[in-house]
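**Q** Quick one, query_36.cif (mmCIF, C-alpha atoms and all ligand atoms):
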```
data_target
loop_
_atom_site.group_PDB
_atom_site.id
_atom_site.type_symbol
_atom_site.label_atom_id
_atom_site.label_comp_id
_atom_site.auth_asym_id
_atom_site.auth_seq_id
_atom_site.Cartn_x
_atom_site.Cartn_y
_atom_site.Cartn_z
ATOM 1 C CA MET A 36 0.000 0.000 0.000
ATOM 2 C CA SER A 37 1.454 3.357 -0.937
ATOM 3 C CA THR A 38 1.580 6.093 1.666
ATOM 4 C CA ALA A 39 2.010 9.826 1.893
ATOM 5 C CA THR A 40 5.463 9.220 3.333
ATOM 6 C CA GLY A 41 6.483 7.276 0.252
ATOM 7 C CA SER A 42 8.310 4.178 1.430
ATOM 8 C CA THR A 43 6.933 3.822 4.962
ATOM 9 C CA PRO A 44 4.404 0.963 5.135
ATOM 10 C CA ASP A 45 0.983 1.752 6.619
ATOM 11 C CA SER A 46 1.566 -0.713 9.454
ATOM 12 C CA THR A 47 4.728 1.160 10.496
ATOM 13 C CA ILE A 48 2.905 4.502 10.428
ATOM 14 C CA THR A 49 0.144 2.997 12.557
ATOM 15 C CA GLU A 50 2.637 1.751 15.142
ATOM 16 C CA ILE A 51 4.508 5.089 15.280
ATOM 17 C CA VAL A 52 1.212 6.948 15.767
ATOM 18 C CA ARG A 53 -0.050 4.476 18.373
ATOM 19 C CA GLU A 54 3.174 4.723 20.380
ATOM 20 C CA LYS A 55 3.250 8.529 20.214
ATOM 21 C CA TYR A 56 -0.326 9.016 21.403
ATOM 22 C CA GLY A 57 -0.124 6.147 23.861
ATOM 23 C CA ALA A 58 2.798 7.928 25.536
ATOM 24 C CA ALA A 59 0.859 11.209 25.576
ATOM 25 C CA ALA A 60 -2.149 9.525 27.185
ATOM 26 C CA ARG A 61 0.014 7.731 29.752
ATOM 27 C CA ARG A 62 1.546 11.035 30.838
ATOM 28 C CA ILE A 63 -1.905 12.414 31.539
ATOM 29 C CA LEU A 64 -3.167 9.231 33.177
ATOM 30 C CA ALA A 65 -0.126 9.437 35.455
ATOM 31 C CA SER A 66 -0.836 13.159 36.022
ATOM 32 C CA GLU A 67 2.555 14.205 34.762
ATOM 33 C CA PRO A 68 1.585 16.950 32.338
ATOM 34 C CA SER A 69 5.067 18.396 32.150
ATOM 35 C CA GLY A 70 6.880 15.070 31.852
ATOM 36 C CA GLY A 71 9.604 15.053 29.186
ATOM 37 C CA CYS A 72 7.841 15.578 25.908
ATOM 38 C CA GLY A 73 10.913 16.119 23.760
ATOM 39 C CA PRO A 74 10.559 18.383 20.772
ATOM 40 C CA VAL A 75 7.124 19.941 20.251
ATOM 41 C CA SER A 76 6.622 18.040 17.022
ATOM 42 C CA SER A 77 7.005 14.690 18.749
ATOM 43 C CA CYS A 78 3.715 15.271 20.542
ATOM 44 C CA CYS A 79 1.634 16.799 17.748
ATOM 45 C CA GLY A 80 1.237 20.288 19.034
ATOM 46 C CA GLY A 81 2.630 19.027 22.306
ATOM 47 C CA ALA A 82 2.694 22.255 24.246
ATOM 48 C CA ALA A 83 -0.278 20.920 26.141
ATOM 49 C CA PHE A 84 2.321 18.669 27.684
ATOM 50 C CA ASN A 85 5.287 21.011 27.961
ATOM 51 C CA GLY A 86 3.630 24.102 29.350
ATOM 52 C CA SER A 87 4.163 26.599 26.519
ATOM 53 C CA VAL A 88 1.509 28.119 24.266
ATOM 54 C CA ASP A 89 1.189 25.932 21.229
ATOM 55 C CA PRO A 90 0.254 27.599 17.937
ATOM 56 C CA ILE A 91 -1.622 24.480 16.795
ATOM 57 C CA THR A 92 -3.600 23.218 19.791
ATOM 58 C CA SER A 93 -4.101 26.404 21.845
ATOM 59 C CA ASN A 94 -7.333 28.426 22.083
ATOM 60 C CA LEU A 95 -9.490 26.148 19.952
ATOM 61 C CA TYR A 96 -12.452 26.094 22.321
ATOM 62 C CA VAL A 97 -14.414 29.195 23.222
ATOM 63 C CA SER A 98 -14.834 30.365 26.774
ATOM 64 C CA GLY A 99 -17.485 28.398 28.659
ATOM 65 C CA GLU A 100 -17.292 25.408 26.324
ATOM 66 C CA SER A 101 -14.488 23.321 27.791
ATOM 67 C CA GLU A 102 -14.750 24.529 31.410
ATOM 68 C CA VAL A 103 -17.564 22.043 32.038
ATOM 69 C CA LEU A 104 -15.289 19.120 31.101
ATOM 70 C CA PRO A 105 -12.769 17.233 33.260
ATOM 71 C CA SER A 106 -9.382 18.945 33.180
ATOM 72 C CA ALA A 107 -7.747 15.763 31.847
ATOM 73 C CA ALA A 108 -10.044 15.887 28.801
ATOM 74 C CA VAL A 109 -9.005 19.465 28.113
ATOM 75 C CA LEU A 110 -5.337 18.749 28.807
ATOM 76 C CA ALA A 111 -5.433 15.810 26.390
ATOM 77 C CA SER A 112 -6.838 17.953 23.618
ATOM 78 C CA LEU A 113 -4.499 17.433 20.679
ATOM 79 C CA GLY A 114 -6.696 18.630 17.872
ATOM 80 C CA CYS A 115 -6.214 21.553 15.527
ATOM 81 C CA GLY A 116 -9.806 22.798 15.344
ATOM 82 C CA ASN A 117 -13.199 22.657 16.999
ATOM 83 C CA PRO A 118 -15.393 20.429 14.821
ATOM 84 C CA THR A 119 -18.339 20.360 17.223
ATOM 85 C CA ALA A 120 -18.688 24.139 16.963
ATOM 86 C CA LEU A 121 -18.973 23.954 13.196
ATOM 87 C CA ALA A 122 -20.793 20.657 12.721
ATOM 88 C CA GLN A 123 -24.309 21.925 13.604
ATOM 89 C CA LEU A 124 -25.196 18.950 15.775
ATOM 90 C CA GLU A 125 -28.833 18.495 16.744
ATOM 91 C CA PRO A 126 -30.641 16.618 19.518
ATOM 92 C CA GLY A 127 -31.199 12.959 18.713
ATOM 93 C CA GLN A 128 -28.324 12.590 16.265
ATOM 94 C CA VAL A 129 -25.689 9.850 16.248
ATOM 95 C CA VAL A 130 -22.180 11.319 16.012
ATOM 96 C CA LEU A 131 -18.893 9.506 15.425
ATOM 97 C CA ASP A 132 -15.503 11.070 16.236
ATOM 98 C CA LEU A 133 -12.652 9.505 14.241
ATOM 99 C CA GLY A 134 -9.528 9.367 16.447
ATOM 100 C CA SER A 135 -11.240 10.572 19.600
ATOM 101 C CA GLY A 136 -8.123 10.765 21.807
ATOM 102 C CA GLY A 137 -8.935 11.917 25.348
ATOM 103 C CA GLY A 138 -12.552 12.402 24.302
ATOM 104 C CA ILE A 139 -13.007 16.177 24.366
ATOM 105 C CA ASP A 140 -15.039 16.379 21.153
ATOM 106 C CA VAL A 141 -17.074 13.272 22.026
ATOM 107 C CA LEU A 142 -18.067 14.820 25.353
ATOM 108 C CA LEU A 143 -18.957 18.135 23.708
ATOM 109 C CA SER A 144 -20.957 16.280 21.015
ATOM 110 C CA ALA A 145 -22.793 14.239 23.634
ATOM 111 C CA ARG A 146 -24.064 17.452 25.218
ATOM 112 C CA ARG A 147 -25.261 18.750 21.877
ATOM 113 C CA VAL A 148 -27.108 15.602 20.757
ATOM 114 C CA GLY A 149 -28.650 15.152 24.216
ATOM 115 C CA ALA A 150 -30.116 12.096 25.889
ATOM 116 C CA THR A 151 -31.919 10.984 22.731
ATOM 117 C CA GLY A 152 -28.693 11.036 20.736
ATOM 118 C CA LYS A 153 -25.371 9.265 21.057
ATOM 119 C CA ALA A 154 -21.716 10.135 20.544
ATOM 120 C CA TYR A 155 -19.198 7.447 19.593
ATOM 121 C CA GLY A 156 -15.446 7.910 19.846
ATOM 122 C CA LEU A 157 -13.187 5.625 17.821
ATOM 123 C CA ASP A 158 -9.490 5.279 18.641
ATOM 124 C CA MET A 159 -6.873 2.583 18.186
ATOM 125 C CA THR A 160 -4.722 3.476 21.219
ATOM 126 C CA ASP A 161 -5.588 1.627 24.433
ATOM 127 C CA ASP A 162 -4.249 4.318 26.759
ATOM 128 C CA MET A 163 -6.241 7.026 24.958
ATOM 129 C CA LEU A 164 -9.385 4.899 25.245
ATOM 130 C CA GLU A 165 -8.753 4.441 28.963
ATOM 131 C CA LEU A 166 -8.280 8.187 29.368
ATOM 132 C CA ALA A 167 -11.421 8.977 27.360
ATOM 133 C CA ARG A 168 -13.563 6.516 29.338
ATOM 134 C CA ARG A 169 -12.233 7.943 32.592
ATOM 135 C CA ASN A 170 -13.045 11.472 31.394
ATOM 136 C CA ALA A 171 -16.590 10.462 30.383
ATOM 137 C CA ALA A 172 -17.200 8.866 33.788
ATOM 138 C CA GLU A 173 -15.835 11.944 35.548
ATOM 139 C CA ALA A 174 -18.038 14.218 33.433
ATOM 140 C CA GLY A 175 -21.064 12.035 34.226
ATOM 141 C CA VAL A 176 -21.892 11.732 30.537
ATOM 142 C CA THR A 177 -23.679 8.502 29.680
ATOM 143 C CA ASN A 178 -24.723 8.851 26.029
ATOM 144 C CA VAL A 179 -21.184 8.096 24.844
ATOM 145 C CA GLU A 180 -19.334 4.956 23.805
ATOM 146 C CA PHE A 181 -15.636 4.635 23.026
ATOM 147 C CA LEU A 182 -14.798 1.964 20.469
ATOM 148 C CA LYS A 183 -11.417 0.415 19.839
ATOM 149 C CA GLY A 184 -10.454 0.247 16.188
ATOM 150 C CA GLN A 185 -8.887 1.945 13.231
ATOM 151 C CA ILE A 186 -10.442 4.720 11.242
ATOM 152 C CA GLU A 187 -9.511 2.737 8.115
ATOM 153 C CA ALA A 188 -11.940 -0.034 9.216
ATOM 154 C CA ILE A 189 -14.708 1.566 11.285
ATOM 155 C CA PRO A 190 -16.387 -1.005 13.562
ATOM 156 C CA LEU A 191 -19.933 0.242 12.931
ATOM 157 C CA PRO A 192 -22.637 -0.916 10.489
ATOM 158 C CA ASP A 193 -23.422 0.751 7.178
ATOM 159 C CA ALA A 194 -25.657 3.843 7.344
ATOM 160 C CA SER A 195 -25.658 4.094 11.138
ATOM 161 C CA VAL A 196 -24.256 7.603 11.786
ATOM 162 C CA ASP A 197 -25.697 11.102 11.188
ATOM 163 C CA VAL A 198 -22.512 13.164 11.506
ATOM 164 C CA ILE A 199 -18.831 12.244 11.380
ATOM 165 C CA ILE A 200 -16.468 14.575 13.154
ATOM 166 C CA SER A 201 -12.702 14.325 13.610
ATOM 167 C CA ASN A 202 -10.023 16.617 14.931
ATOM 168 C CA CYS A 203 -6.599 16.456 13.357
ATOM 169 C CA VAL A 204 -6.454 12.707 12.794
ATOM 170 C CA ILE A 205 -6.965 11.967 9.094
ATOM 171 C CA ASN A 206 -3.571 13.554 8.358
ATOM 172 C CA LEU A 207 -2.036 10.770 10.464
ATOM 173 C CA SER A 208 -3.421 7.960 8.303
ATOM 174 C CA GLY A 209 -1.357 6.216 5.686
ATOM 175 C CA ASP A 210 -4.508 5.335 3.715
ATOM 176 C CA LYS A 211 -6.717 8.411 3.563
ATOM 177 C CA ARG A 212 -8.886 7.162 0.697
ATOM 178 C CA ARG A 213 -9.888 4.185 2.801
ATOM 179 C CA VAL A 214 -10.694 6.432 5.775
ATOM 180 C CA LEU A 215 -12.972 8.574 3.613
ATOM 181 C CA ALA A 216 -14.615 5.509 2.020
ATOM 182 C CA GLU A 217 -15.296 4.107 5.492
ATOM 183 C CA ALA A 218 -16.742 7.428 6.632
ATOM 184 C CA PHE A 219 -19.030 7.385 3.596
ATOM 185 C CA ARG A 220 -20.114 3.790 4.319
ATOM 186 C CA VAL A 221 -21.166 4.355 7.928
ATOM 187 C CA LEU A 222 -22.983 7.646 7.276
ATOM 188 C CA LYS A 223 -26.728 7.545 6.728
ATOM 189 C CA PRO A 224 -27.984 8.950 3.410
ATOM 190 C CA GLY A 225 -27.960 12.715 3.887
ATOM 191 C CA GLY A 226 -25.364 12.330 6.667
ATOM 192 C CA ARG A 227 -22.591 14.867 7.024
ATOM 193 C CA PHE A 228 -18.800 14.711 7.154
ATOM 194 C CA ALA A 229 -17.674 17.661 9.323
ATOM 195 C CA VAL A 230 -14.002 17.383 10.118
ATOM 196 C CA SER A 231 -11.136 19.597 11.276
ATOM 197 C CA ASP A 232 -7.721 18.709 9.889
ATOM 198 C CA VAL A 233 -4.453 20.110 8.652
ATOM 199 C CA VAL A 234 -4.393 20.761 4.917
ATOM 200 C CA VAL A 235 -1.791 22.156 2.572
ATOM 201 C CA ARG A 236 -2.602 24.779 -0.038
ATOM 202 C CA GLY A 237 -0.706 24.416 -3.306
ATOM 203 C CA GLU A 238 2.728 23.080 -4.096
ATOM 204 C CA THR A 239 5.627 23.169 -1.637
ATOM 205 C CA PRO A 240 9.153 21.740 -2.037
ATOM 206 C CA ALA A 241 9.178 18.174 -0.654
ATOM 207 C CA ALA A 242 11.837 18.671 2.052
ATOM 208 C CA VAL A 243 10.271 21.881 3.339
ATOM 209 C CA ARG A 244 6.814 20.360 3.291
ATOM 210 C CA ARG A 245 7.985 17.300 5.198
ATOM 211 C CA SER A 246 9.660 19.422 7.883
ATOM 212 C CA MET A 247 6.600 21.611 8.222
ATOM 213 C CA GLU A 248 4.375 18.529 8.483
ATOM 214 C CA LEU A 249 6.601 17.119 11.213
ATOM 215 C CA TRP A 250 6.380 20.420 13.034
ATOM 216 C CA VAL A 251 2.599 20.365 12.810
ATOM 217 C CA GLY A 252 2.652 16.730 13.968
ATOM 218 C CA CYS A 253 1.514 14.931 10.853
ATOM 219 C CA VAL A 254 3.087 11.513 10.595
ATOM 220 C CA ALA A 255 1.745 10.311 7.279
ATOM 221 C CA GLY A 256 1.230 13.789 5.825
ATOM 222 C CA ALA A 257 -1.478 16.360 5.337
ATOM 223 C CA LEU A 258 -3.514 16.311 2.141
ATOM 224 C CA GLU A 259 -3.249 19.110 -0.362
ATOM 225 C CA GLU A 260 -6.676 20.765 -0.410
ATOM 226 C CA SER A 261 -7.624 19.939 -4.011
ATOM 227 C CA GLU A 262 -6.577 16.308 -3.410
ATOM 228 C CA PHE A 263 -8.786 16.189 -0.299
ATOM 229 C CA LEU A 264 -11.759 17.479 -2.305
ATOM 230 C CA ARG A 265 -11.061 14.996 -5.102
ATOM 231 C CA LEU A 266 -10.862 12.014 -2.731
ATOM 232 C CA LEU A 267 -14.130 13.019 -1.062
ATOM 233 C CA THR A 268 -15.843 13.131 -4.452
ATOM 234 C CA ASP A 269 -14.201 9.865 -5.550
ATOM 235 C CA VAL A 270 -15.680 7.926 -2.629
ATOM 236 C CA GLY A 271 -19.176 9.343 -3.272
ATOM 237 C CA PHE A 272 -19.559 12.521 -1.229
ATOM 238 C CA VAL A 273 -21.228 15.591 -2.708
ATOM 239 C CA ALA A 274 -20.736 19.312 -2.037
ATOM 240 C CA PRO A 275 -17.248 18.992 -0.524
ATOM 241 C CA SER A 276 -15.717 22.213 0.779
ATOM 242 C CA ILE A 277 -12.680 23.343 2.745
ATOM 243 C CA GLU A 278 -12.741 26.401 5.000
ATOM 244 C CA PRO A 279 -9.462 27.525 6.607
ATOM 245 C CA THR A 280 -9.828 28.090 10.347
ATOM 246 C CA ARG A 281 -6.214 28.843 11.313
ATOM 247 C CA ILE A 282 -3.314 29.584 8.995
ATOM 248 C CA TYR A 283 -0.029 28.566 10.603
ATOM 249 C CA ARG A 284 2.623 31.205 10.797
ATOM 250 C CA SER A 285 5.728 29.748 9.285
ATOM 251 C CA GLU A 286 7.743 32.002 11.613
ATOM 252 C CA ASP A 287 6.548 29.738 14.457
ATOM 253 C CA ALA A 288 8.356 26.833 12.820
ATOM 254 C CA ARG A 289 11.643 28.755 12.444
ATOM 255 C CA THR A 290 13.583 26.759 15.052
ATOM 256 C CA PHE A 291 12.256 23.459 13.813
ATOM 257 C CA LEU A 292 13.094 24.196 10.196
ATOM 258 C CA GLY A 293 16.606 25.226 11.214
ATOM 259 C CA GLU A 294 17.083 21.996 13.148
ATOM 260 C CA ALA A 295 15.980 20.105 10.046
ATOM 261 C CA GLY A 296 18.973 21.640 8.265
ATOM 262 C CA LEU A 297 16.932 23.834 5.923
ATOM 263 C CA ASP A 298 17.714 27.380 4.863
ATOM 264 C CA VAL A 299 15.208 28.942 7.238
ATOM 265 C CA ASP A 300 14.564 32.237 5.453
ATOM 266 C CA ALA A 301 14.165 30.588 2.054
ATOM 267 C CA SER A 302 11.928 27.855 3.527
ATOM 268 C CA ILE A 303 9.680 30.329 5.281
ATOM 269 C CA ALA A 304 9.179 32.240 2.053
ATOM 270 C CA GLN A 305 8.181 28.984 0.328
ATOM 271 C CA ILE A 306 5.608 27.848 2.877
ATOM 272 C CA ASP A 307 4.129 31.053 4.144
ATOM 273 C CA GLY A 308 0.346 30.781 4.268
ATOM 274 C CA LYS A 309 0.287 27.264 2.854
ATOM 275 C CA PHE A 310 -0.214 25.158 5.997
ATOM 276 C CA MET A 311 -3.506 25.535 7.754
ATOM 277 C CA ALA A 312 -6.079 23.960 9.967
ATOM 278 C CA ALA A 313 -9.319 23.764 8.044
ATOM 279 C CA PHE A 314 -12.896 22.642 8.414
ATOM 280 C CA VAL A 315 -13.737 20.051 5.783
ATOM 281 C CA ARG A 316 -17.383 19.474 4.941
ATOM 282 C CA ALA A 317 -19.120 17.016 2.634
ATOM 283 C CA THR A 318 -22.485 15.263 2.430
ATOM 284 C CA LYS A 319 -23.522 11.705 1.606
ATOM 285 C CA PRO A 320 -26.241 12.030 -1.027
ATOM 286 C CA VAL A 321 -29.757 11.025 -0.031
ATOM 287 C CA ALA A 322 -30.135 8.854 -3.116
ATOM 288 C CA PRO A 323 -27.331 7.373 -5.178
ATOM 289 C CA ALA A 324 -26.579 9.243 -8.382
ATOM 290 C CA PRO A 325 -28.687 7.726 -11.209
ATOM 291 C CA ALA A 326 -26.671 5.241 -13.250
ATOM 292 C CA ALA A 327 -26.099 6.188 -16.858
ATOM 293 C CA LYS A 328 -28.465 4.340 -19.194
ATOM 294 C CA SER A 329 -26.624 1.457 -20.748
ATOM 295 C CA CYS A 330 -28.944 1.010 -23.708
ATOM 296 C CA CYS A 331 -30.712 3.354 -25.994
ATOM 297 C CA GLY A 332 -34.246 1.978 -26.154
ATOM 298 C CA PRO A 333 -37.304 3.694 -27.564
ATOM 299 C CA GLU A 334 -37.959 5.549 -24.271
ATOM 300 C CA CYS A 335 -34.646 7.405 -24.243
ATOM 301 C CA CYS A 336 -33.771 8.065 -27.844
ATOM 302 C CA PRO A 337 -35.553 10.562 -30.065
HETATM 303 C C1 LIG B 401 -3.825 14.293 17.184
HETATM 304 S S1 LIG B 401 -4.631 13.205 18.318
HETATM 305 C C2 LIG B 401 -6.249 13.930 18.284
HETATM 306 C C3 LIG B 401 -7.122 13.458 19.392
HETATM 307 C C4 LIG B 401 -8.472 14.159 19.484
HETATM 308 N N1 LIG B 401 -9.179 14.125 18.223
HETATM 309 C C5 LIG B 401 -8.322 15.588 19.967
HETATM 310 O O1 LIG B 401 -8.772 16.491 19.286
HETATM 311 O O2 LIG B 401 -7.752 15.786 21.035
HETATM 312 C C6 LIG B 401 -4.815 11.748 17.324
HETATM 313 C C7 LIG B 401 -5.630 10.597 17.937
HETATM 314 O O3 LIG B 401 -6.058 9.759 16.885
HETATM 315 C C8 LIG B 401 -5.739 8.419 17.156
HETATM 316 N N2 LIG B 401 -5.433 7.799 15.860
HETATM 317 C C9 LIG B 401 -4.469 8.173 14.995
HETATM 318 N N3 LIG B 401 -4.509 7.412 13.888
HETATM 319 C C10 LIG B 401 -5.543 6.543 14.058
HETATM 320 C C11 LIG B 401 -6.092 5.493 13.259
HETATM 321 N N4 LIG B 401 -5.590 5.201 12.061
HETATM 322 N N5 LIG B 401 -7.148 4.815 13.734
HETATM 323 C C12 LIG B 401 -7.672 5.093 14.969
HETATM 324 N N6 LIG B 401 -7.181 6.065 15.775
HETATM 325 C C13 LIG B 401 -6.133 6.790 15.325
HETATM 326 C C14 LIG B 401 -4.552 8.468 18.105
HETATM 327 O O4 LIG B 401 -4.486 7.303 18.895
HETATM 328 C C15 LIG B 401 -4.846 9.718 18.907
HETATM 329 O O5 LIG B 401 -5.621 9.441 20.034
#
```
Would you mind giving the structure from this file in structure tokens?
Ligand SMILES: C[S@@+](CC[C@H](N)C(=O)[O-])C[C@H]1O[C@@H](n2cnc3c(N)ncnc32)[C@H](O)[C@@H]1O
**A**
Amino acid sequence: MSTATGSTPDSTITEIVREKYGAAARRILASEPSGGCGPVSSCCGGAAFNGSVDPITSNLYVSGESEVLPSAAVLASLGCGNPTALAQLEPGQVVLDLGSGGGIDVLLSARRVGATGKAYGLDMTDDMLELARRNAAEAGVTNVEFLKGQIEAIPLPDASVDVIISNCVINLSGDKRRVLAEAFRVLKPGGRFAVSDVVVRGETPAAVRRSMELWVGCVAGALEESEFLRLLTDVGFVAPSIEPTRIYRSEDARTFLGEAGLDVDASIAQIDGKFMAAFVRATKPVAPAPAAKSCCGPECCP
């Protein structure tokens, strides 16, 4: 299977990602928020763990929104957006969060869909699932369920979900087409894909792009925005759109780019304004597109 990192097999990417987020979850479970995180990039916007203000994960949730959640859920927030704010969730809906981590967006979704709805979180990392379940119990939220599995093979039936959310996870997958096809499969007709993720706008030199992706925390690589739209359409979605929510300042990555051995000033000029967190929307059509007529009988030809 080919991957965004070229020669790295999907299974290796999966193990790197699982280890990285498992370690992050274990630090929080052990209540050691400042425990040796290493470089920021090794924790995907890891300032939540090293005490500084992170340009990727900081200030994503508006005042009053996250204060009602357990502090461990907020501390474990490793997303790059706020999908629940943009997803227009309604009471009674079934929501699925792909790569739910410590559960912050599942808990926020559960409040929005209410007792008649349900919020699922899906994650492959045992320690993250333990953290999320602990956070849900602490928050006293009961209309949630955390499932173990991979976003490339969602353990839910066809047409069982109203809204799919996700927060900075699809960029980590080595098989993004499969993730999107799975999202399409489990959505009900008319269901919505409403996801925050890192996307790249336009062409960037490979070495600079890779360093910037590592800074942002992408393991497999962020999709270029037109490629994201194309893949969504390929798997069957309609009306795909991408709305930037935070454009990363390449100046913030100065140190990282320098450590990667790149000419910092030249690199910054090449990537300025091209890396961003974005809200990605698409809809599963209510009825499948009509198949083209294969014959030309009397009813269709003049
Ligand atoms: C960047 S964190 C985001 C967590 C959460 N969405 C948030 O906003 O805090 C990525 C999470 O996705 C999970 N993850 C990454 N790749 C995955 C995959 N292919 N299948 C299932 N979970 C995955 C990781 O275990 C981790 O918990």
**Q** Got a sec to check which residues lie within 7 Å of ligand LIG 401 (chain B), using only C-alpha atoms and all ligand atoms, and send them as number ranges by chain?
**A** A: 49, 52-53, 56-57, 79, 111-115, 133-140, 157-160, 163, 184-187, 201-204, 207-208
**Q** Go ahead and fit an axis-aligned box to every listed atom of region 135-141 of chain A plus 4 Å each side, and pass me the centre and edge lengths in Å, one decimal, as AutoDock Vina command-line options.
**A**
```
--center_x -12.6 --center_y 13.5 --center_z 22.5 --size_x 17.0 --size_y 13.8 --size_z 13.7
```
**Q** With the PyMOL selection byres (((chain A and resi 303) around 10) and not hetatm) as the selection, what would be picked from this file? Answer as a list in words, please.
**A**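 Output of the PyMOL selection byres (((chain A and resi 303) around 10) and not hetatm): Val243, Met247, Arg284, Ser285, Glu286, Asp287, Ala288, Arg289, Leu292, Leu297, Asp298, Val299, Asp300, Ala301, Ser302, Ala304, Gln305, Ile306, Asp307 and Gly308 of chain A.
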**Q** Compare A:Leu264, A:Val251, A:Ala218, A:Val176 by their minimum atom-to-atom distance to Ala312 (chain A), counting all atoms listed in the file, and give me the closest one.
**A**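 Checking each candidate against Ala312 (chain A), we get A:Val251 as the closest.
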**Q** Excluding Lys223 (chain A) and any residue of its chain fewer than 6 positions from it, enumerate the residues within 8 Å of it, using only C-alpha atoms, and give them as a PyMOL selection string.
**A** chain A and resi 193-197+319
**Q** For Gly226 (chain A), which of A:Leu121, A:Asp162, A:Gln128, A:Val198 is the closest residue, counting only C-alpha atoms?
**A**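 With only C-alpha atoms as the atom set, the closest residue is A:Val198.
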**Q** Could you check how far CA of Val270 (chain A) sits from CA of Asn206 (chain A), in Å to one decimal?
**A**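 Value for the CA of Val270 (chain A)-CA of Asn206 (chain A) distance: 17.3 Å.
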**Q** From the list A:Asp269, A:Asp232, A:Glu217, A:Asp45, which residue is nearest Ile205 (chain A) when using all atoms listed in the file?
**A**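 Among the listed residues, the smallest separation from Ile205 (chain A) belongs to A:Asp232.
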**Q** What's the 12 Å shell around Leu266 (chain A), counting only C-alpha atoms, without same-chain residues fewer than 3 positions away, as an NGL selection string?
**A** :A and (210-216 or 218-219 or 258-263 or 269-273 or 275-276 or 317)
**Q** As a count of residues only, please: the residues near Val130 (chain A) (cut-off 12 Å, all atoms listed in the file, same-chain neighbours under 3 positions excluded).
**A** 49
**Q** To one decimal in Å, tell me the separation between CA of Ala107 (chain A) and CA of Arg281 (chain A).
**A**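 Here the two named atoms are 24.4 Å from each other.
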**Q** Of the residues A:Leu131, A:Val233, A:Leu166, A:Leu182, which is the one nearest to Ile282 (chain A), using only C-alpha atoms?
**A**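 Under the stated criterion, the closest residue is A:Val233.
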**Q** Quick check on the file I pasted: which residues fall under the PyMOL selection byres (((chain A and resi 105) around 7) and not hetatm)? Write them as number ranges by chain.
**A** A: 103-104, 106-109, 170, 173-174
**Q** Just to confirm, what's the straight-line distance from CA of Lys309 (chain A) to CA of Val235 (chain A) in Å (one decimal)?
**A**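 Going from CA of Lys309 (chain A) over to CA of Val235 (chain A), I get 5.5 Å.
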**Q** Go through the shown structure with the PyMOL selection byres (((chain A and resi 245) around 12) and not hetatm) and write out the matching residues as a VMD selection string.
**A** chain A and resid 39 to 41 76 235 239 to 244 246 to 258 291 to 292 295 297 302 306 310
**Q** Kindly indicate which residue among A:Ile189, A:Val129, A:Ala150, A:Ala120 lies nearest to Thr177 (chain A), using all atoms listed in the file for the distances.
**A** A:Ala150
**Q** Calculated over only C-alpha atoms, which of the candidates A:Pro190, A:Pro44, A:Ala59, A:Thr290 has the smallest distance to Leu110 (chain A)?
**A**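 Counting only C-alpha atoms, the residue closest to Leu110 (chain A) is A:Ala59.
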**Q** Please work out which residues fall within 8 Å of (-29.4, 6.1, 2.0), coordinates as given in the file, with only C-alpha atoms counting, and return them as a list in words.
**A**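 These residues have at least one counted atom within 8 Å: Ala194, Lys223, Pro224, Gly225, Pro320, Val321, Ala322 and Pro323 of chain A.
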**Q** Taking the structure in the block just given, could you write region 177-199 of chain A with C-alpha atoms, as a PDB file, in the first residue's frame?
**A**
```pdb
ATOM      1  CA  THR A 177     -23.679   8.502  29.680  1.00  0.00           C
ATOM      2  CA  ASN A 178     -24.723   8.851  26.029  1.00  0.00           C
ATOM      3  CA  VAL A 179     -21.184   8.096  24.844  1.00  0.00           C
ATOM      4  CA  GLU A 180     -19.334   4.956  23.805  1.00  0.00           C
ATOM      5  CA  PHE A 181     -15.636   4.635  23.026  1.00  0.00           C
ATOM      6  CA  LEU A 182     -14.798   1.964  20.469  1.00  0.00           C
ATOM      7  CA  LYS A 183     -11.417   0.415  19.839  1.00  0.00           C
ATOM      8  CA  GLY A 184     -10.454   0.247  16.188  1.00  0.00           C
ATOM      9  CA  GLN A 185      -8.887   1.945  13.231  1.00  0.00           C
ATOM     10  CA  ILE A 186     -10.442   4.720  11.242  1.00  0.00           C
ATOM     11  CA  GLU A 187      -9.511   2.737   8.115  1.00  0.00           C
ATOM     12  CA  ALA A 188     -11.940  -0.034   9.216  1.00  0.00           C
ATOM     13  CA  ILE A 189     -14.708   1.566  11.285  1.00  0.00           C
ATOM     14  CA  PRO A 190     -16.387  -1.005  13.562  1.00  0.00           C
ATOM     15  CA  LEU A 191     -19.933   0.242  12.931  1.00  0.00           C
ATOM     16  CA  PRO A 192     -22.637  -0.916  10.489  1.00  0.00           C
ATOM     17  CA  ASP A 193     -23.422   0.751   7.178  1.00  0.00           C
ATOM     18  CA  ALA A 194     -25.657   3.843   7.344  1.00  0.00           C
ATOM     19  CA  SER A 195     -25.658   4.094  11.138  1.00  0.00           C
ATOM     20  CA  VAL A 196     -24.256   7.603  11.786  1.00  0.00           C
ATOM     21  CA  ASP A 197     -25.697  11.102  11.188  1.00  0.00           C
ATOM     22  CA  VAL A 198     -22.512  13.164  11.506  1.00  0.00           C
ATOM     23  CA  ILE A 199     -18.831  12.244  11.380  1.00  0.00           C
TER      24      ILE A 199
END
```
